Every structure is written in structure tokens, then in C-alpha cells.
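See below for data-v8.cif, which holds mmCIF, C-alpha atoms; chains and numbers go by the auth columns.
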data_protein
loop_
_atom_site.group_PDB
_atom_site.id
_atom_site.type_symbol
_atom_site.label_atom_id
_atom_site.label_comp_id
_atom_site.label_asym_id
_atom_site.label_seq_id
_atom_site.Cartn_x
_atom_site.Cartn_y
_atom_site.Cartn_z
_atom_site.B_iso_or_equiv
_atom_site.auth_seq_id
_atom_site.auth_asym_id
ATOM 1 C CA MET A 1 108.483 197.931 35.823 0.00 754 G
ATOM 2 C CA LYS A 2 110.215 199.947 38.522 0.00 755 G
ATOM 3 C CA ASN A 3 109.043 197.486 41.143 0.00 756 G
ATOM 4 C CA ILE A 4 110.382 194.529 39.151 0.00 757 G
ATOM 5 C CA LEU A 5 113.823 196.167 38.836 0.00 758 G
ATOM 6 C CA THR A 6 113.863 196.867 42.545 0.00 759 G
ATOM 7 C CA VAL A 7 113.116 193.184 43.363 0.00 760 G
ATOM 8 C CA LEU A 8 115.826 191.976 40.964 0.00 761 G
ATOM 9 C CA CYS A 9 118.385 194.292 42.570 0.00 762 G
ATOM 10 C CA ILE A 10 117.514 193.054 46.031 0.00 763 G
ATOM 11 C CA PHE A 11 117.707 189.383 44.910 0.00 764 G
ATOM 12 C CA THR A 12 121.091 189.944 43.251 0.00 765 G
ATOM 13 C CA SER A 13 122.468 191.619 46.388 0.00 766 G
ATOM 14 C CA LEU A 14 121.246 188.784 48.613 0.00 767 G
ATOM 15 C CA PHE A 15 122.724 186.130 46.303 0.00 768 G
ATOM 16 C CA THR A 16 126.103 187.868 46.200 0.00 769 G
ATOM 17 C CA PHE A 17 126.108 188.319 49.983 0.00 770 G
ATOM 18 C CA SER A 18 125.240 184.675 50.602 0.00 771 G
ATOM 19 C CA GLN A 19 128.085 183.474 48.334 0.00 772 G
ATOM 20 C CA THR A 20 130.544 185.729 50.136 0.00 773 G
ATOM 21 C CA LYS A 21 129.509 184.282 53.499 0.00 774 G
ATOM 22 C CA SER A 22 129.862 180.727 52.192 0.00 775 G
ATOM 23 C CA VAL A 23 133.441 181.317 51.042 0.00 776 G
ATOM 24 C CA LYS A 24 134.423 182.809 54.381 0.00 777 G
ATOM 25 C CA LYS A 25 133.186 179.697 56.210 0.00 778 G
ATOM 26 C CA ILE A 26 135.849 177.478 54.550 0.00 779 G
ATOM 27 C CA PRO A 27 139.200 178.322 56.212 0.00 780 G
ATOM 28 C CA VAL A 28 141.264 176.096 53.932 0.00 781 G
ATOM 29 C CA LYS A 29 144.694 177.465 54.794 0.00 782 G
ATOM 30 C CA LYS A 30 143.994 177.685 58.513 0.00 783 G
ATOM 31 C CA GLY A 31 142.749 174.102 58.653 0.00 784 G
ATOM 32 C CA ALA A 32 145.790 172.755 56.826 0.00 785 G
ATOM 33 C CA LYS A 33 148.197 174.563 59.156 0.00 786 G
ATOM 34 C CA THR A 34 146.456 173.198 62.242 0.00 787 G
ATOM 35 C CA THR A 35 146.687 169.607 60.993 0.00 788 G
ATOM 36 C CA ILE A 36 150.429 169.825 60.294 0.00 789 G
ATOM 37 C CA SER A 37 151.117 171.464 63.635 0.00 790 G
ATOM 38 C CA LYS A 38 149.373 168.693 65.563 0.00 791 G
ATOM 39 C CA GLY A 39 151.207 165.992 63.646 0.00 792 G
ATOM 40 C CA THR A 40 154.569 167.595 64.344 0.00 793 G
ATOM 41 C CA ALA A 41 153.817 167.974 68.058 0.00 794 G
ATOM 42 C CA ALA A 42 152.750 164.333 68.335 0.00 795 G
ATOM 43 C CA ASN A 43 156.034 163.089 66.839 0.00 796 G
ATOM 44 C CA LYS A 44 158.326 165.415 68.786 0.00 797 G
ATOM 45 C CA PRO A 45 160.861 163.331 70.787 0.00 798 G
ATOM 46 C CA ASN A 46 161.330 163.839 74.509 0.00 799 G
ATOM 47 C CA PRO A 47 164.625 165.766 74.877 0.00 800 G
ATOM 48 C CA ASP A 48 165.107 164.292 78.364 0.00 801 G
ATOM 49 C CA LEU A 49 165.437 160.750 76.992 0.00 802 G
ATOM 50 C CA VAL A 50 169.077 161.245 76.059 0.00 803 G
ATOM 51 C CA ILE A 51 171.144 158.392 74.638 0.00 804 G
ATOM 52 C CA ILE A 52 174.790 158.466 75.692 0.00 805 G
ATOM 53 C CA ASN A 53 175.319 154.709 75.614 0.00 806 G
ATOM 54 C CA LYS A 54 173.229 152.913 72.986 0.00 807 G
ATOM 55 C CA ASP A 55 173.586 149.595 74.827 0.00 808 G
ATOM 56 C CA LEU A 56 171.793 150.916 77.931 0.00 809 G
ATOM 57 C CA PRO A 57 168.089 151.589 78.548 0.00 810 G
ATOM 58 C CA VAL A 58 166.982 155.203 78.114 0.00 811 G
ATOM 59 C CA LEU A 59 165.324 154.980 81.544 0.00 812 G
ATOM 60 C CA ILE A 60 167.017 153.263 84.487 0.00 813 G
ATOM 61 C CA PRO A 61 165.368 152.321 87.818 0.00 814 G
ATOM 62 C CA LYS A 62 166.851 154.246 90.746 0.00 815 G
ATOM 63 C CA LYS A 63 166.071 154.288 94.448 0.00 816 G
ATOM 64 C CA LYS A 64 165.802 157.494 96.451 0.00 817 G
ATOM 65 C CA GLY A 65 165.067 157.016 100.114 0.00 818 G
ATOM 66 C CA ASP A 66 162.644 154.107 100.256 0.00 819 G
ATOM 67 C CA GLN A 67 161.072 154.652 96.824 0.00 820 G
ATOM 68 C CA PHE A 68 162.012 153.870 93.240 0.00 821 G
ATOM 69 C CA GLY A 69 161.728 156.073 90.166 0.00 822 G
ATOM 70 C CA TYR A 70 163.572 156.291 86.853 0.00 823 G
ATOM 71 C CA VAL A 71 166.545 158.376 85.764 0.00 824 G
ATOM 72 C CA ASN A 72 167.843 159.045 82.260 0.00 825 G
ATOM 73 C CA GLN A 73 171.407 158.239 81.189 0.00 826 G
ATOM 74 C CA ASN A 74 172.537 161.556 82.679 0.00 827 G
ATOM 75 C CA GLY A 75 171.199 160.529 86.086 0.00 828 G
ATOM 76 C CA LYS A 76 168.287 162.998 86.039 0.00 829 G
ATOM 77 C CA PHE A 77 164.989 161.768 87.494 0.00 830 G
ATOM 78 C CA ILE A 78 162.440 161.610 84.680 0.00 831 G
ATOM 79 C CA ILE A 79 159.887 159.554 86.625 0.00 832 G
ATOM 80 C CA GLN A 80 159.866 160.642 90.258 0.00 833 G
ATOM 81 C CA PRO A 81 160.419 158.021 92.977 0.00 834 G
ATOM 82 C CA GLU A 82 157.076 156.813 94.346 0.00 835 G
ATOM 83 C CA TYR A 83 157.141 153.060 93.851 0.00 836 G
ATOM 84 C CA HIS A 84 158.033 150.133 96.104 0.00 837 G
ATOM 85 C CA ILE A 85 159.192 148.146 93.048 0.00 838 G
ATOM 86 C CA ALA A 86 160.370 149.391 89.640 0.00 839 G
ATOM 87 C CA VAL A 87 161.947 147.222 86.944 0.00 840 G
ATOM 88 C CA PHE A 88 163.450 147.903 83.535 0.00 841 G
ATOM 89 C CA PHE A 89 161.278 148.747 80.544 0.00 842 G
ATOM 90 C CA TYR A 90 160.898 145.299 79.063 0.00 843 G
ATOM 91 C CA GLU A 91 158.419 142.848 77.596 0.00 844 G
ATOM 92 C CA ASP A 92 155.848 141.134 79.815 0.00 845 G
ATOM 93 C CA CYS A 93 155.000 137.838 78.119 0.00 846 G
ATOM 94 C CA ASN A 94 151.847 137.352 80.222 0.00 847 G
ATOM 95 C CA LEU A 95 150.354 140.528 78.757 0.00 848 G
ATOM 96 C CA LEU A 96 151.751 139.966 75.257 0.00 849 G
ATOM 97 C CA ASN A 97 149.761 136.726 75.141 0.00 850 G
ATOM 98 C CA SER A 98 146.733 138.008 77.025 0.00 851 G
ATOM 99 C CA PRO A 99 143.258 136.710 76.064 0.00 852 G
ATOM 100 C CA ASN A 100 142.234 140.375 76.187 0.00 853 G
ATOM 101 C CA GLU A 101 143.510 141.813 72.896 0.00 854 G
ATOM 102 C CA LYS A 102 143.166 145.400 74.146 0.00 855 G
ATOM 103 C CA VAL A 103 145.864 144.999 76.798 0.00 856 G
ATOM 104 C CA ARG A 104 148.453 143.127 74.712 0.00 857 G
ATOM 105 C CA LYS A 105 150.155 146.364 73.692 0.00 858 G
ATOM 106 C CA PHE A 106 151.022 147.006 77.357 0.00 859 G
ATOM 107 C CA GLY A 107 153.194 143.889 77.291 0.00 860 G
ATOM 108 C CA THR A 108 155.695 145.448 74.866 0.00 861 G
ATOM 109 C CA LYS A 109 159.085 146.852 75.846 0.00 862 G
ATOM 110 C CA ASN A 110 157.669 150.384 75.658 0.00 863 G
ATOM 111 C CA TYR A 111 156.296 149.879 79.167 0.00 864 G
ATOM 112 C CA ALA A 112 157.686 148.962 82.595 0.00 865 G
ATOM 113 C CA THR A 113 156.191 147.214 85.611 0.00 866 G
ATOM 114 C CA VAL A 114 155.987 149.083 88.921 0.00 867 G
ATOM 115 C CA GLU A 115 154.277 148.474 92.236 0.00 868 G
ATOM 116 C CA LYS A 116 152.733 150.928 94.676 0.00 869 G
ATOM 117 C CA ASP A 117 150.570 150.153 97.712 0.00 870 G
ATOM 118 C CA MET A 118 150.606 146.453 96.757 0.00 871 G
ATOM 119 C CA ILE A 119 149.117 147.229 93.320 0.00 872 G
ATOM 120 C CA SER A 120 151.077 146.522 90.132 0.00 873 G
ATOM 121 C CA TYR A 121 150.926 148.752 87.060 0.00 874 G
ATOM 122 C CA ARG A 122 152.509 149.192 83.651 0.00 875 G
ATOM 123 C CA ILE A 123 153.757 152.724 83.015 0.00 876 G
ATOM 124 C CA ASP A 124 154.919 154.476 79.845 0.00 877 G
ATOM 125 C CA GLN A 125 158.106 156.505 79.433 0.00 878 G
ATOM 126 C CA SER A 126 156.408 159.655 80.681 0.00 879 G
ATOM 127 C CA GLY A 127 155.555 157.882 83.941 0.00 880 G
ATOM 128 C CA LYS A 128 151.820 157.639 83.216 0.00 881 G
ATOM 129 C CA ARG A 129 150.097 154.551 84.609 0.00 882 G
ATOM 130 C CA VAL A 130 148.443 153.064 81.564 0.00 883 G
ATOM 131 C CA TYR A 131 147.427 149.658 82.884 0.00 884 G
ATOM 132 C CA GLN A 132 146.647 147.965 86.235 0.00 885 G
ATOM 133 C CA PHE A 133 147.345 144.245 86.386 0.00 886 G
ATOM 134 C CA LYS A 134 144.394 141.859 86.499 0.00 887 G
ATOM 135 C CA ASP A 135 144.685 138.088 86.821 0.00 888 G
ATOM 136 C CA ALA A 136 142.033 137.613 84.143 0.00 889 G
ATOM 137 C CA ASP A 137 144.298 139.348 81.607 0.00 890 G
ATOM 138 C CA PHE A 138 147.229 136.983 82.080 0.00 891 G
ATOM 139 C CA GLY A 139 148.091 134.808 79.112 0.00 892 G
ATOM 140 C CA LYS A 140 150.498 131.902 78.809 0.00 893 G
ATOM 141 C CA CYS A 141 154.091 132.846 78.060 0.00 894 G
ATOM 142 C CA LYS A 142 155.646 131.425 74.926 0.00 895 G
ATOM 143 C CA PHE A 143 159.233 130.872 75.935 0.00 896 G
ATOM 144 C CA GLU A 144 162.052 131.029 73.423 0.00 897 G
ATOM 145 C CA GLU A 145 164.216 128.001 72.822 0.00 898 G
ATOM 146 C CA TYR A 146 166.663 127.671 75.700 0.00 899 G
ATOM 147 C CA LYS A 147 170.221 128.636 74.842 0.00 900 G
ATOM 148 C CA GLN A 148 172.538 126.009 76.273 0.00 901 G
ATOM 149 C CA GLN A 149 175.341 127.637 78.268 0.00 902 G
ATOM 150 C CA LEU A 150 178.836 126.962 76.940 0.00 903 G
ATOM 151 C CA PHE A 151 180.585 127.594 80.242 0.00 904 G
ATOM 152 C CA GLN A 152 180.011 126.610 83.854 0.00 905 G
ATOM 153 C CA ALA A 153 181.632 127.158 87.229 0.00 906 G
ATOM 154 C CA TYR A 154 183.923 124.430 88.526 0.00 907 G
ATOM 155 C CA THR A 155 185.273 124.013 92.075 0.00 908 G
ATOM 156 C CA LEU A 156 188.689 122.564 92.876 0.00 909 G
ATOM 157 C CA ASN A 157 190.311 122.560 96.334 0.00 910 G
ATOM 158 C CA GLY A 158 187.682 125.005 97.590 0.00 911 G
ATOM 159 C CA PHE A 159 188.200 127.557 94.804 0.00 912 G
ATOM 160 C CA TYR A 160 186.041 128.390 91.787 0.00 913 G
ATOM 161 C CA GLY A 161 187.064 128.425 88.145 0.00 914 G
ATOM 162 C CA ILE A 162 185.373 128.214 84.730 0.00 915 G
ATOM 163 C CA ILE A 163 185.305 125.339 82.266 0.00 916 G
ATOM 164 C CA GLU A 164 183.904 124.958 78.764 0.00 917 G
ATOM 165 C CA LYS A 165 181.622 121.961 79.268 0.00 918 G
ATOM 166 C CA SER A 166 182.003 120.397 75.820 0.00 919 G
ATOM 167 C CA LYS A 167 185.829 120.322 76.022 0.00 920 G
ATOM 168 C CA PHE A 168 186.542 119.624 79.679 0.00 921 G
ATOM 169 C CA VAL A 169 187.665 116.084 80.498 0.00 922 G
ATOM 170 C CA ASN A 170 190.549 116.021 82.965 0.00 923 G
ATOM 171 C CA ALA A 171 190.737 118.297 86.008 0.00 924 G
ATOM 172 C CA ALA A 172 194.363 117.325 86.498 0.00 925 G
ATOM 173 C CA ASP A 173 195.235 119.127 83.252 0.00 926 G
ATOM 174 C CA TYR A 174 195.238 122.854 84.061 0.00 927 G
ATOM 175 C CA ARG A 175 195.144 123.671 80.328 0.00 928 G
ATOM 176 C CA GLN A 176 191.580 122.390 80.133 0.00 929 G
ATOM 177 C CA PHE A 177 190.289 125.141 82.396 0.00 930 G
ATOM 178 C CA GLN A 178 188.971 128.304 80.808 0.00 931 G
ATOM 179 C CA ILE A 179 189.784 130.024 84.122 0.00 932 G
ATOM 180 C CA TYR A 180 191.802 127.990 86.592 0.00 933 G
ATOM 181 C CA PRO A 181 190.104 127.822 90.053 0.00 934 G
ATOM 182 C CA GLN A 182 191.283 130.851 92.019 0.00 935 G
ATOM 183 C CA TYR A 183 188.152 132.669 93.217 0.00 936 G
ATOM 184 C CA GLN A 184 186.070 132.394 96.382 0.00 937 G
ATOM 185 C CA TYR A 185 182.909 132.353 94.274 0.00 938 G
ATOM 186 C CA LEU A 186 181.793 132.562 90.639 0.00 939 G
ATOM 187 C CA TYR A 187 178.365 132.948 89.032 0.00 940 G
ATOM 188 C CA ILE A 188 177.680 133.158 85.280 0.00 941 G
ATOM 189 C CA MET A 189 175.077 135.840 84.604 0.00 942 G
ATOM 190 C CA GLU A 190 172.094 135.158 82.370 0.00 943 G
ATOM 191 C CA GLY A 191 172.591 136.864 78.997 0.00 944 G
ATOM 192 C CA ASP A 192 171.956 136.628 75.275 0.00 945 G
ATOM 193 C CA ASP A 193 175.575 135.974 74.301 0.00 946 G
ATOM 194 C CA VAL A 194 176.481 132.530 75.690 0.00 947 G
ATOM 195 C CA GLY A 195 179.926 132.752 74.084 0.00 948 G
ATOM 196 C CA SER A 196 180.885 135.835 76.077 0.00 949 G
ATOM 197 C CA PRO A 197 178.995 135.852 79.372 0.00 950 G
ATOM 198 C CA MET A 198 179.544 138.185 82.292 0.00 951 G
ATOM 199 C CA ILE A 199 180.669 136.414 85.475 0.00 952 G
ATOM 200 C CA VAL A 200 180.104 137.696 89.007 0.00 953 G
ATOM 201 C CA ALA A 201 183.186 136.778 91.046 0.00 954 G
ATOM 202 C CA SER A 202 184.403 137.130 94.629 0.00 955 G
ATOM 203 C CA ASN A 203 188.020 137.675 95.610 0.00 956 G
ATOM 204 C CA ASN A 204 189.417 138.746 98.992 0.00 957 G
ATOM 205 C CA ASP A 205 185.820 139.068 100.270 0.00 958 G
ATOM 206 C CA LYS A 206 184.927 141.636 97.593 0.00 959 G
ATOM 207 C CA PHE A 207 182.747 141.224 94.512 0.00 960 G
ATOM 208 C CA GLY A 208 183.486 142.223 90.941 0.00 961 G
ATOM 209 C CA VAL A 209 182.731 141.052 87.397 0.00 962 G
ATOM 210 C CA ILE A 210 185.034 139.223 84.973 0.00 963 G
ATOM 211 C CA ASP A 211 184.665 137.762 81.478 0.00 964 G
ATOM 212 C CA VAL A 212 185.592 134.238 80.302 0.00 965 G
ATOM 213 C CA ASN A 213 189.130 135.409 79.534 0.00 966 G
ATOM 214 C CA ASN A 214 189.558 136.444 83.183 0.00 967 G
ATOM 215 C CA LYS A 215 189.557 140.121 82.250 0.00 968 G
ATOM 216 C CA ILE A 216 188.215 142.353 85.040 0.00 969 G
ATOM 217 C CA ILE A 217 185.088 144.199 83.851 0.00 970 G
ATOM 218 C CA ILE A 218 183.936 145.574 87.220 0.00 971 G
ATOM 219 C CA PRO A 219 186.665 146.011 89.849 0.00 972 G
ATOM 220 C CA PHE A 220 186.561 144.017 93.081 0.00 973 G
ATOM 221 C CA GLU A 221 185.276 146.780 95.320 0.00 974 G
ATOM 222 C CA TYR A 222 181.690 145.800 96.152 0.00 975 G
ATOM 223 C CA ALA A 223 180.168 144.076 99.185 0.00 976 G
ATOM 224 C CA ASN A 224 177.738 142.286 96.873 0.00 977 G
ATOM 225 C CA ILE A 225 176.486 142.128 93.290 0.00 978 G
ATOM 226 C CA LYS A 226 173.007 140.723 92.737 0.00 979 G
ATOM 227 C CA ARG A 227 172.705 137.627 90.588 0.00 980 G
ATOM 228 C CA ASN A 228 169.492 138.647 88.827 0.00 981 G
ATOM 229 C CA PHE A 229 168.349 139.589 85.302 0.00 982 G
ATOM 230 C CA SER A 230 169.814 143.100 85.357 0.00 983 G
ATOM 231 C CA TRP A 231 172.508 142.187 82.812 0.00 984 G
ATOM 232 C CA LYS A 232 170.086 140.420 80.473 0.00 985 G
ATOM 233 C CA LEU A 233 167.406 143.139 80.664 0.00 986 G
ATOM 234 C CA GLY A 234 169.481 146.294 80.971 0.00 987 G
ATOM 235 C CA LYS A 235 173.182 145.477 80.390 0.00 988 G
ATOM 236 C CA MET A 236 173.790 146.684 83.953 0.00 989 G
ATOM 237 C CA PHE A 237 174.820 145.265 87.327 0.00 990 G
ATOM 238 C CA GLU A 238 173.029 145.898 90.626 0.00 991 G
ATOM 239 C CA VAL A 239 175.729 146.523 93.230 0.00 992 G
ATOM 240 C CA THR A 240 176.253 147.680 96.802 0.00 993 G
ATOM 241 C CA LYS A 241 179.277 148.794 98.808 0.00 994 G
ATOM 242 C CA ASP A 242 177.631 148.754 102.239 0.00 995 G
ATOM 243 C CA GLY A 243 175.528 145.605 101.833 0.00 996 G
ATOM 244 C CA SER A 244 172.303 147.594 102.067 0.00 997 G
ATOM 245 C CA ASN A 245 172.010 150.356 99.477 0.00 998 G
ATOM 246 C CA TYR A 246 171.938 148.936 95.945 0.00 999 G
ATOM 247 C CA TYR A 247 172.339 150.856 92.697 0.00 1000 G
ATOM 248 C CA TYR A 248 173.210 150.156 89.065 0.00 1001 G
ATOM 249 C CA VAL A 249 176.539 150.377 87.277 0.00 1002 G
ATOM 250 C CA ASP A 250 177.231 149.730 83.609 0.00 1003 G
ATOM 251 C CA SER A 251 180.091 147.657 82.167 0.00 1004 G
ATOM 252 C CA ASN A 252 182.359 150.711 82.507 0.00 1005 G
ATOM 253 C CA ASN A 253 181.575 150.829 86.238 0.00 1006 G
ATOM 254 C CA LYS A 254 179.690 154.108 85.776 0.00 1007 G
ATOM 255 C CA THR A 255 177.123 154.689 88.512 0.00 1008 G
ATOM 256 C CA TYR A 256 173.426 155.442 87.898 0.00 1009 G
#

Structure re-expressed in C-alpha cells:
Amino acid sequence: MKNILTVLCIFTSLFTFSQTKSVKKIPVKKGAKTTISKGTAANKPNPDLVIINKDLPVLIPKKKGDQFGYVNQNGKFIIQPEYHIAVFFYEDCNLLNSPNEKVRKFGTKNYATVEKDMISYRIDQSGKRVYQFKDADFGKCKFEEYKQQLFQAYTLNGFYGIIEKSKFVNAADYRQFQIYPQYQYLYIMEGDDVGSPMIVASNNDKFGVIDVNNKIIIPFEYANIKRNFSWKLGKMFEVTKDGSNYYYVDSNNKTY
């Protein structure tokens, strides 16, 4: 009888001990805290991607020496200059329509195209190279319906003006001109708003930007302003004062 009691006591102790160990192996509270912490860290915004002007990109290409990087709206380099080419963060329709479904996400506006050592990449906003271009991944772009321009440049007596194509009939009637010819050169920039385009103009051998009401947007103080997609992609103008070193200004003529 004594032996039986002794065995029962030992069995009870072992059972109790095993249950205690099992409970300790399930760190419920600790596990829950870890999961929340990771989720919060993953969604934490980058404090360097400041937004001062909501119409501008959060990252802007900028050249330093012979290389391009990206600055934020405060002018601070977020992606250090190391590229021969760097363009705005924008969609790449070839990748968006790629036959390779895995790379289509790299065609979204969350990524930018850069080039280094003759190799082209897509980078994210942290500067990480997430994709290297391959010809086999290129799809066929699906272009949007072309927006017919309302205005066009018109030359008279060697000077440039602006007309609204649908209304213009008689050049002898000055009232039919949107802007009467008075500039050395005019170029209507590609943009989404055809009713209010930005116009690169030249006056007294200097370049500036005007609107269709002949209001000066960018003063006539530049040696050149590139006629590219900078306004359409980034609401900015690529300018130079010495004819060599180009940089971006916004519609308030603020330099980046």
C-alpha cells in the first residue's frame, strides 16, 4: 500500500510539472506585442519625404558634379548622386504591360528609371534598385486618347504669337490672336490641361515661361529652358543660366 501511494504521488507531481511547462511555452502576450510592433514599423512614413508643395513630386532629380540623384522638396539629397540618367518617379507603360506579370508592379509611379554604367534600372523611393531592364520584359504601351491642343504658335513678321486654332480666321484682325506676335520664339509645353498650357518663350535673347493670357510665370532670365516632359511629369521646368548646367524650378521659380 505504501508503495502504491508513493507511485501515485510521483505521477501527480510529474503531471502537474508537465502542465506548468506547457503553459509557459505559450507566450500569448509577448507574441501579440511583437506582431503589432512589426506592423507599425512597416507602415511608418519616411520623415524625409516632406511635402511642401502638393503639386510637385516628393523626390526631384538633381545633378551634382557629373552624376544625378534625388532631393526632397527641401533640397536635401535622399538618393545620393551616382547615376548618368535619372528621371521623375513616373509610370513606365512598357513594364505596366509586360508579358512577365511579376515585373508589372515596377512600371507604376512608385518607381523611377535611372541609368548607371549603361545599365538601366527602376529604383524605389529609398533608392534601392529593385529591377534591371530586360528587353524580354517589354510590353506594348496602351496610349491614352490624344488630347487635341486648343492653342498653337503663330508667326507674323518674324515674331511668334499664340492663336486658338478653332477661332482663328484672319491674321489681319489683331483681336483674333490669343497673344499677338511679339516674341522671338514660343513653344507650348506638353501638359494635361490643354485649356491652360505653359508656354516657353524667348524675349531679348532670354527664356522664360508665360501662360495663354500672356502672364509671366517664369521671368525672362534664363539662357535656355528645355522643351521636354518635365512639366507634364513633374510640374517643373528644366532651366539653365549658363547654357550648360541645368536644374529644375517650379512655377514659382523656386530652385531645386

Just want the 10 Å neighbourhood of Lys815 (chain G), counted on all atoms listed in the file, with same-chain residues fewer than 2 positions away dropped. Output as a CSV table (one decimal) with C-alpha atoms, keeping the file's coordinate frame.
chain,number,residue,atom,x,y,z
G,812,LEU,CA,165.3,155.0,81.5
G,813,ILE,CA,167.0,153.3,84.5
G,817,LYS,CA,165.8,157.5,96.5
G,818,GLY,CA,165.1,157.0,100.1
G,820,GLN,CA,161.1,154.7,96.8
G,821,PHE,CA,162.0,153.9,93.2
G,822,GLY,CA,161.7,156.1,90.2
G,823,TYR,CA,163.6,156.3,86.9
G,824,VAL,CA,166.5,158.4,85.8
G,825,ASN,CA,167.8,159.0,82.3
G,828,GLY,CA,171.2,160.5,86.1
G,830,PHE,CA,165.0,161.8,87.5
G,832,ILE,CA,159.9,159.6,86.6
G,833,GLN,CA,159.9,160.6,90.3
G,834,PRO,CA,160.4,158.0,93.0
G,839,ALA,CA,160.4,149.4,89.6
G,840,VAL,CA,161.9,147.2,86.9
G,999,TYR,CA,171.9,148.9,95.9
G,1000,TYR,CA,172.3,150.9,92.7
G,1001,TYR,CA,173.2,150.2,89.1
G,1009,TYR,CA,173.4,155.4,87.9

Since I can't run it myself right now, could you work out what the PyMOL selection byres ((chain G and resi 938-946) around 12) selects here and report it as a PyMOL selection string? chain G and resi 897-909+911-916+932-937+947-965+967+977-991

So which residues touch region 869-884 of chain G within 6 Å, counting all atoms listed in the file, skipping near sequence neighbours fewer than 4 positions away, as a CSV table (one decimal) with C-alpha atoms, in the coordinates of the input?
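Full text of selection26.csv as output:
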chain,number,residue,atom,x,y,z
G,832,ILE,CA,159.9,159.6,86.6
G,836,TYR,CA,157.1,153.1,93.9
G,837,HIS,CA,158.0,150.1,96.1
G,864,TYR,CA,156.3,149.9,79.2
G,865,ALA,CA,157.7,149.0,82.6

Length of the CA of Lys855 (chain G) to CA of Asp888 (chain G) vector [Å]: 14.7 Å

Would you mind reading off the distance between CA of Gly996 (chain G) and CA of Lys968 (chain G), one decimal, in Å? 24.7 Å

CA of Asp845 (chain G) to CA of Gly860 (chain G), distance in Å rounded to a single decimal: 4.6 Å
